[in-house]
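Heads up, target23.txt below (compact mmCIF, C-alpha atoms):
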# COMPACT_ATOMS: atom_id res chain seq x y z
CA MET X 52 32.04 77.86 10.46
CA GLU X 53 29.11 77.79 8.06
CA LYS X 54 25.91 76.88 9.85
CA ALA X 55 23.63 74.12 8.64
CA ARG X 56 20.92 75.28 6.28
CA PRO X 57 17.49 73.78 5.68
CA TRP X 58 18.31 73.20 2.01
CA LEU X 59 15.30 72.80 -0.24
CA GLY X 60 17.44 70.93 -2.75
CA ASP X 61 16.71 67.91 -0.58
CA PRO X 62 13.50 66.35 -2.00
CA LYS X 63 12.33 65.31 1.48
CA ARG X 64 12.63 68.88 2.73
CA THR X 65 10.68 70.19 -0.27
CA VAL X 66 7.85 67.72 0.26
CA GLU X 67 7.84 68.52 3.98
CA ILE X 68 7.41 72.24 3.29
CA LEU X 69 4.71 71.70 0.68
CA GLN X 70 2.74 69.45 3.02
CA LYS X 71 3.21 71.69 6.04
CA TYR X 72 1.67 74.67 4.28
CA GLY X 73 -0.85 72.70 2.24
CA PHE X 74 0.62 74.15 -0.93
CA ARG X 75 -1.19 73.40 -4.18
CA PHE X 76 0.59 73.78 -7.47
CA ARG X 77 -1.05 76.34 -9.72
CA LYS X 78 -0.81 75.22 -13.31
CA LYS X 79 -1.36 78.72 -14.65
CA PHE X 80 1.93 79.78 -13.05
CA GLY X 81 3.91 76.86 -14.51
CA GLN X 82 5.21 75.78 -11.12
CA ASN X 83 7.81 72.99 -11.22
CA PHE X 84 10.23 73.06 -8.29
CA LEU X 85 13.79 71.74 -8.52
CA ILE X 86 14.68 68.84 -6.20
CA ASP X 87 18.21 68.00 -7.31
CA PRO X 88 21.15 69.69 -5.55
CA ARG X 89 23.47 68.88 -8.44
CA VAL X 90 21.30 70.85 -10.86
CA LEU X 91 21.04 73.77 -8.45
CA GLU X 92 24.81 73.83 -8.18
CA LYS X 93 25.12 73.70 -11.98
CA ILE X 94 22.88 76.75 -12.32
CA THR X 95 24.84 78.81 -9.80
CA ALA X 96 28.12 77.67 -11.36
CA ALA X 97 26.92 78.50 -14.89
CA ALA X 98 25.80 81.93 -13.70
CA ASP X 99 29.25 82.45 -12.12
CA ILE X 100 27.80 84.04 -8.99
CA THR X 101 30.33 85.75 -6.70
CA GLU X 102 30.07 87.54 -3.37
CA GLU X 103 30.17 90.87 -5.21
CA ASP X 104 27.14 90.13 -7.40
CA VAL X 105 23.59 91.38 -7.26
CA VAL X 106 21.31 88.69 -8.70
CA LEU X 107 17.79 89.01 -10.09
CA GLU X 108 15.72 85.84 -9.81
CA ILE X 109 12.37 85.50 -11.59
CA GLY X 110 9.88 82.95 -10.26
CA PRO X 111 11.66 81.73 -7.10
CA GLY X 112 8.80 79.40 -6.14
CA ILE X 113 9.34 78.17 -2.59
CA GLY X 114 12.90 79.52 -2.63
CA THR X 115 14.91 76.49 -3.69
CA LEU X 116 17.33 78.17 -6.10
CA THR X 117 17.09 81.39 -4.07
CA GLN X 118 18.89 79.71 -1.17
CA TYR X 119 21.79 78.66 -3.38
CA LEU X 120 22.03 82.11 -4.95
CA ALA X 121 21.90 83.92 -1.61
CA GLU X 122 24.68 81.73 -0.25
CA LYS X 123 27.04 83.02 -2.96
CA ALA X 124 25.79 86.49 -3.93
CA LYS X 125 25.95 89.86 -2.25
CA GLU X 126 22.21 90.34 -2.75
CA VAL X 127 19.32 88.50 -4.41
CA ILE X 128 16.24 90.30 -5.71
CA CYS X 129 13.29 88.00 -6.44
CA ILE X 130 10.08 88.62 -8.36
CA GLU X 131 7.33 86.10 -7.63
CA ILE X 132 3.80 86.24 -9.04
CA ASP X 133 2.20 83.82 -6.55
CA ASN X 134 1.65 85.72 -3.30
CA SER X 135 0.37 82.54 -1.62
CA LEU X 136 4.07 81.67 -1.23
CA MET X 137 4.70 84.58 1.13
CA GLU X 138 4.25 82.53 4.30
CA ILE X 139 6.47 79.75 2.96
CA HIS X 140 9.22 82.25 2.19
CA GLU X 141 9.11 83.47 5.79
CA GLU X 142 10.38 80.03 6.76
CA THR X 143 12.49 78.87 3.82
CA LEU X 144 14.40 82.14 3.37
CA ALA X 145 14.62 83.12 7.05
CA ASP X 146 18.30 82.21 7.39
CA TRP X 147 19.44 84.72 4.74
CA ASP X 148 19.41 88.48 5.22
CA ASN X 149 20.42 89.34 1.66
CA ILE X 150 17.15 88.42 -0.07
CA THR X 151 14.38 90.78 -1.19
CA VAL X 152 11.15 89.30 -2.59
CA LEU X 153 8.74 91.39 -4.64
CA PHE X 154 5.37 89.75 -5.20
CA ASP X 155 4.33 90.94 -8.64
CA ASP X 156 4.09 89.96 -12.30
CA VAL X 157 7.54 90.39 -13.83
CA MET X 158 5.97 91.48 -17.11
CA LYS X 159 4.37 94.43 -15.31
CA VAL X 160 7.35 95.45 -13.18
CA ASP X 161 9.46 98.45 -14.17
CA LEU X 162 12.71 96.51 -14.10
CA ALA X 163 14.86 99.52 -14.94
CA ALA X 164 13.51 101.41 -11.93
CA LEU X 165 13.78 98.34 -9.69
CA LEU X 166 17.43 97.71 -10.57
CA ALA X 167 18.28 101.40 -10.31
CA GLU X 168 16.88 101.37 -6.77
CA LYS X 169 18.31 98.07 -5.60
CA SER X 170 21.60 98.06 -7.49
CA PRO X 171 22.52 101.64 -8.49
CA GLY X 172 25.47 101.82 -10.82
CA ARG X 173 26.05 98.05 -10.81
CA ARG X 174 25.48 95.45 -13.48
CA VAL X 175 23.21 92.59 -12.44
CA LYS X 176 23.21 88.86 -13.17
CA VAL X 177 19.91 87.09 -13.78
CA ALA X 178 19.55 83.48 -12.60
CA ALA X 179 16.24 81.65 -12.61
CA ASN X 180 14.22 78.52 -13.16
CA LEU X 181 11.77 80.21 -15.52
CA PRO X 182 8.14 79.13 -15.81
CA TYR X 183 7.94 77.64 -19.29
CA TYR X 184 4.76 79.45 -20.29
CA ILE X 185 6.49 82.85 -20.22
CA THR X 186 10.04 81.86 -21.19
CA THR X 187 10.31 83.77 -24.45
CA PRO X 188 8.48 86.94 -23.33
CA VAL X 189 10.63 87.19 -20.21
CA ILE X 190 13.92 86.60 -22.03
CA MET X 191 13.09 89.15 -24.73
CA ALA X 192 11.93 91.68 -22.12
CA LEU X 193 15.23 91.32 -20.27
CA LEU X 194 17.23 91.76 -23.47
CA GLU X 195 15.25 94.44 -25.29
CA GLN X 196 14.88 96.85 -22.37
CA GLU X 197 18.61 97.59 -22.37
CA LEU X 198 18.82 96.87 -18.64
CA PRO X 199 22.15 96.98 -16.75
CA LEU X 200 22.59 93.21 -17.03
CA GLU X 201 25.82 91.28 -17.29
CA SER X 202 24.33 87.87 -17.99
CA VAL X 203 21.09 85.87 -17.98
CA THR X 204 21.32 82.23 -16.87
CA VAL X 205 18.02 80.38 -16.89
CA MET X 206 16.50 76.93 -16.79
CA ILE X 207 14.06 76.61 -19.68
CA GLN X 208 12.49 73.96 -21.88
CA LYS X 209 15.26 72.11 -23.72
CA GLU X 210 13.62 72.62 -27.11
CA VAL X 211 13.58 76.39 -26.62
CA ALA X 212 17.16 76.40 -25.35
CA GLU X 213 18.29 74.56 -28.47
CA ARG X 214 16.50 77.08 -30.66
CA ILE X 215 18.16 79.99 -28.87
CA ALA X 216 21.64 78.47 -29.14
CA ALA X 217 21.31 77.16 -32.73
CA GLN X 218 23.69 78.02 -35.55
CA PRO X 219 22.89 78.75 -39.24
CA GLY X 220 21.77 75.68 -41.17
CA ASN X 221 20.52 73.89 -38.06
CA LYS X 222 16.85 72.85 -38.05
CA ASN X 223 16.37 74.75 -34.76
CA TYR X 224 17.78 77.98 -36.20
CA GLY X 225 15.15 80.66 -36.60
CA ALA X 226 13.81 84.09 -35.70
CA LEU X 227 14.10 83.45 -31.94
CA THR X 228 17.74 82.44 -32.38
CA LEU X 229 18.61 85.69 -34.09
CA ALA X 230 16.46 87.84 -31.80
CA VAL X 231 18.41 86.59 -28.77
CA GLN X 232 21.85 86.42 -30.38
CA TYR X 233 21.58 90.03 -31.53
CA TYR X 234 21.80 90.98 -27.85
CA ALA X 235 23.84 88.16 -26.31
CA ASP X 236 26.43 85.47 -26.75
CA VAL X 237 24.77 82.15 -25.92
CA TYR X 238 25.81 78.72 -24.73
CA LEU X 239 24.10 75.66 -23.29
CA ALA X 240 25.40 74.84 -19.82
CA ALA X 241 23.52 71.66 -18.90
CA ASN X 242 20.66 69.34 -19.83
CA VAL X 243 18.17 68.48 -17.09
CA PRO X 244 15.76 65.50 -17.13
CA PRO X 245 12.14 65.73 -15.87
CA ASN X 246 12.86 63.70 -12.71
CA CYS X 247 14.76 66.68 -11.25
CA PHE X 248 11.47 68.51 -10.64
CA ILE X 249 8.33 68.21 -8.57
CA PRO X 250 5.89 67.82 -10.20
CA ARG X 251 7.65 66.29 -13.18
CA PRO X 252 7.19 68.31 -16.38
CA ASP X 253 6.31 66.55 -19.63
CA VAL X 254 9.46 67.84 -21.33
CA SER X 255 13.20 67.92 -20.73
CA SER X 256 14.90 71.11 -19.63
CA ALA X 257 18.22 72.85 -20.11
CA VAL X 258 20.29 75.55 -18.45
CA ILE X 259 21.32 78.28 -20.87
CA ARG X 260 23.52 81.30 -20.30
CA MET X 261 23.32 84.52 -22.27
CA ASP X 262 26.15 87.05 -21.87
CA LEU X 263 25.00 90.50 -22.87
CA LYS X 264 27.05 92.00 -25.70
CA LYS X 265 28.77 95.30 -25.05
CA ASP X 266 28.88 95.98 -28.77
CA LYS X 267 26.01 94.64 -30.86
CA ILE X 268 26.39 94.00 -34.58
CA PRO X 269 26.12 97.37 -36.33
CA VAL X 270 23.01 97.83 -38.47
CA LYS X 271 21.36 101.02 -39.72
CA ASP X 272 17.86 100.10 -38.53
CA PRO X 273 17.57 97.24 -35.99
CA GLY X 274 13.79 97.35 -36.30
CA ARG X 275 13.97 96.83 -40.04
CA MET X 276 16.43 93.96 -39.61
CA LYS X 277 14.10 92.24 -37.12
CA GLN X 278 11.23 92.68 -39.57
CA ILE X 279 13.29 91.07 -42.34
CA ILE X 280 14.26 88.18 -40.05
CA ARG X 281 10.65 87.53 -39.06
CA ALA X 282 9.62 87.52 -42.71
CA ALA X 283 12.54 85.24 -43.65
CA PHE X 284 11.33 82.53 -41.26
CA SER X 285 7.60 83.01 -41.75
CA LYS X 286 7.59 80.22 -44.35
CA ARG X 287 10.71 78.11 -43.85
CA ARG X 288 10.31 76.08 -47.04
CA LYS X 289 10.30 79.17 -49.22
CA THR X 290 13.36 80.98 -50.49
CA LEU X 291 14.36 84.24 -48.84
CA VAL X 292 13.36 86.12 -51.98
CA ASN X 293 9.83 84.75 -51.90
CA CYS X 294 9.47 85.31 -48.13
CA LEU X 295 10.48 88.96 -48.34
CA ARG X 296 8.52 89.57 -51.53
CA SER X 297 5.27 88.15 -50.17
CA ASP X 298 5.50 89.59 -46.66
CA GLU X 299 3.31 92.68 -46.22
CA GLY X 300 5.58 94.10 -43.53
CA ALA X 301 8.76 93.80 -45.58
CA GLY X 302 7.25 94.74 -48.91
CA PHE X 303 10.31 94.35 -51.15
CA SER X 304 10.25 93.46 -54.82
CA ARG X 305 11.93 90.33 -56.16
CA GLU X 306 14.44 92.48 -58.01
CA GLN X 307 15.41 94.42 -54.87
CA VAL X 308 16.03 91.27 -52.82
CA GLU X 309 17.91 89.45 -55.59
CA ALA X 310 20.15 92.48 -56.14
CA ALA X 311 20.94 92.71 -52.43
CA LEU X 312 21.70 89.00 -52.21
CA ALA X 313 23.97 89.22 -55.24
CA ALA X 314 25.85 92.10 -53.62
CA LEU X 315 26.47 89.80 -50.64
CA GLY X 316 27.62 86.97 -52.87
CA LEU X 317 24.55 84.86 -52.05
CA PRO X 318 22.47 82.89 -54.58
CA ALA X 319 18.92 83.99 -55.45
CA ASP X 320 17.49 80.71 -54.15
CA VAL X 321 19.06 80.96 -50.67
CA ARG X 322 16.84 80.31 -47.63
CA GLY X 323 16.85 82.42 -44.50
CA GLU X 324 17.98 79.53 -42.31
CA THR X 325 21.46 79.63 -43.88
CA LEU X 326 22.18 83.32 -43.22
CA SER X 327 24.15 84.42 -40.17
CA LEU X 328 23.17 87.40 -38.04
CA GLU X 329 25.94 89.42 -39.70
CA GLN X 330 24.52 88.59 -43.13
CA PHE X 331 21.02 89.60 -42.09
CA ALA X 332 22.42 92.92 -40.83
CA ALA X 333 24.21 93.50 -44.14
CA LEU X 334 21.08 92.54 -46.08
CA SER X 335 18.99 94.93 -44.01
CA ASP X 336 21.43 97.78 -44.70
CA LEU X 337 21.33 97.09 -48.44
CA LEU X 338 17.53 97.07 -48.46
CA ASP X 339 17.20 100.08 -46.14
CA GLY X 340 14.79 102.64 -47.56
CA GLN X 341 13.80 100.53 -50.56
CA ALA X 342 10.42 99.26 -49.36
Structure encoded using structure tokens:
Amino acid sequence: MEKARPWLGDPKRTVEILQKYGFRFRKKFGQNFLIDPRVLEKITAAADITEEDVVLEIGPGIGTLTQYLAEKAKEVICIEIDNSLMEIHEETLADWDNITVLFDDVMKVDLAALLAEKSPGRRVKVAANLPYYITTPVIMALLEQELPLESVTVMIQKEVAERIAAQPGNKNYGALTLAVQYYADVYLAANVPPNCFIPRPDVSSAVIRMDLKKDKIPVKDPGRMKQIIRAAFSKRRKTLVNCLRSDEGAGFSREQVEAALAALGLPADVRGETLSLEQFAALSDLLDGQA
């Protein structure tokens, strides 16, 4: 029979712990702790955690989501920047023997070495309530480092989630969309209102899942494609031709861009926000070596 757990998803239990240890929220760490069991269950369900999984959690806070992950996973590896939480963890995570907490800055941790040590030869699932101030850097670090990840399921600001999951022609579609979708298939799993946190954030949140692609879209020079994408969205009101012509990094002539667009069957006055990732890859290949 499963024993009773001191679940932090209970708001009263969270407040009790915070008061007991005199915890003070540190704004610089973007600390907003979840206090809604339904949301915690949605995150673990979206991440599809099983008893065979090794899970990497970034920013566990007082261990609220950690408890739910540890209940389902084989092992949970946490990276927490605030070492003042160490004493709290000794109480809140005491009932689980499959949790490892590393107190460090995730942006300074050698994640490849960490996962090779803790989960050799296995693909890892990421699940986290990410601090909003480092959402994009953390997501891109996880994707760009070619880590042995199966999926990344995170709670982030709703506006950012909508940008990541956007499709061509949508107002939220942009460079971040394409940067993430180059590496992963994306879908929004749930919307979360501010009253599910303590303290309440000023914005709404969302749970988003990113499944790492085994085969990325083929392109001759991924770096060049990313440069073209950044230039294409540097001035959204301008046509793609004008963005690429005026961007110092891209450095293409009007004639080169128009010829490439024509070869793709696209009009000369097309804007970057209408092109799919596949079209940007094809455009990059056509322009390769011309700058």
| query | Neighbours of X:Ala178 within 9 Å (only C-alpha atoms; same-chain residues fewer than 6 positions away dropped), as a ChimeraX atom specification? | reply | /X:94-95,98,106-109,116,120,202-206,260
| request: May I have the protein, DNA and RNA residues with any atom at most 12 Å from the point (28.4, 87.1, -9.6), counting all atoms listed in the file, written as a PyMOL selection string? | output: chain X and resi 95-107+120-127+173-178+200-204
| Residue with smallest distance to X:Ala283 - pool X:Val254, X:Leu315, X:Val321, X:Ile268, counting all atoms listed in the file |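 Result for the nearest residue to X:Ala283: X:Val321.
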| Closest of X:Val211, X:Leu144, X:Leu328, X:Val270 to X:Tyr233 - atom-to-atom distances counting all atoms listed in the file | X:Leu328
If you count only C-alpha atoms, which residues fall within 7 Å of stretch 134-140 of chain X, apart from same-chain ones fewer than 5 positions away, as an mmCIF file with C-alpha atoms, in the frame of the given file?
data_model
loop_
_atom_site.group_PDB
_atom_site.id
_atom_site.type_symbol
_atom_site.label_atom_id
_atom_site.label_comp_id
_atom_site.auth_asym_id
_atom_site.auth_seq_id
_atom_site.Cartn_x
_atom_site.Cartn_y
_atom_site.Cartn_z
ATOM 1 C CA ILE X 113 9.340 78.170 -2.590
ATOM 2 C CA GLY X 114 12.900 79.520 -2.630
ATOM 3 C CA PHE X 154 5.370 89.750 -5.200
#
| task | Can you work out the spacing between atom CA of X:Gln208 and atom CA of X:Ser256 in Å, to one decimal? | result |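 Separation between atom CA of X:Gln208 and atom CA of X:Ser256: 4.4 Å.
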| message | Which residue is closest to X:Phe84? Choose from X:Gln196, X:Thr151, X:Asn180, X:Thr117 and count all atoms listed in the file. | response |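 Ranking X:Gln196, X:Thr151, X:Asn180, X:Thr117 by distance to X:Phe84, first place goes to X:Asn180.
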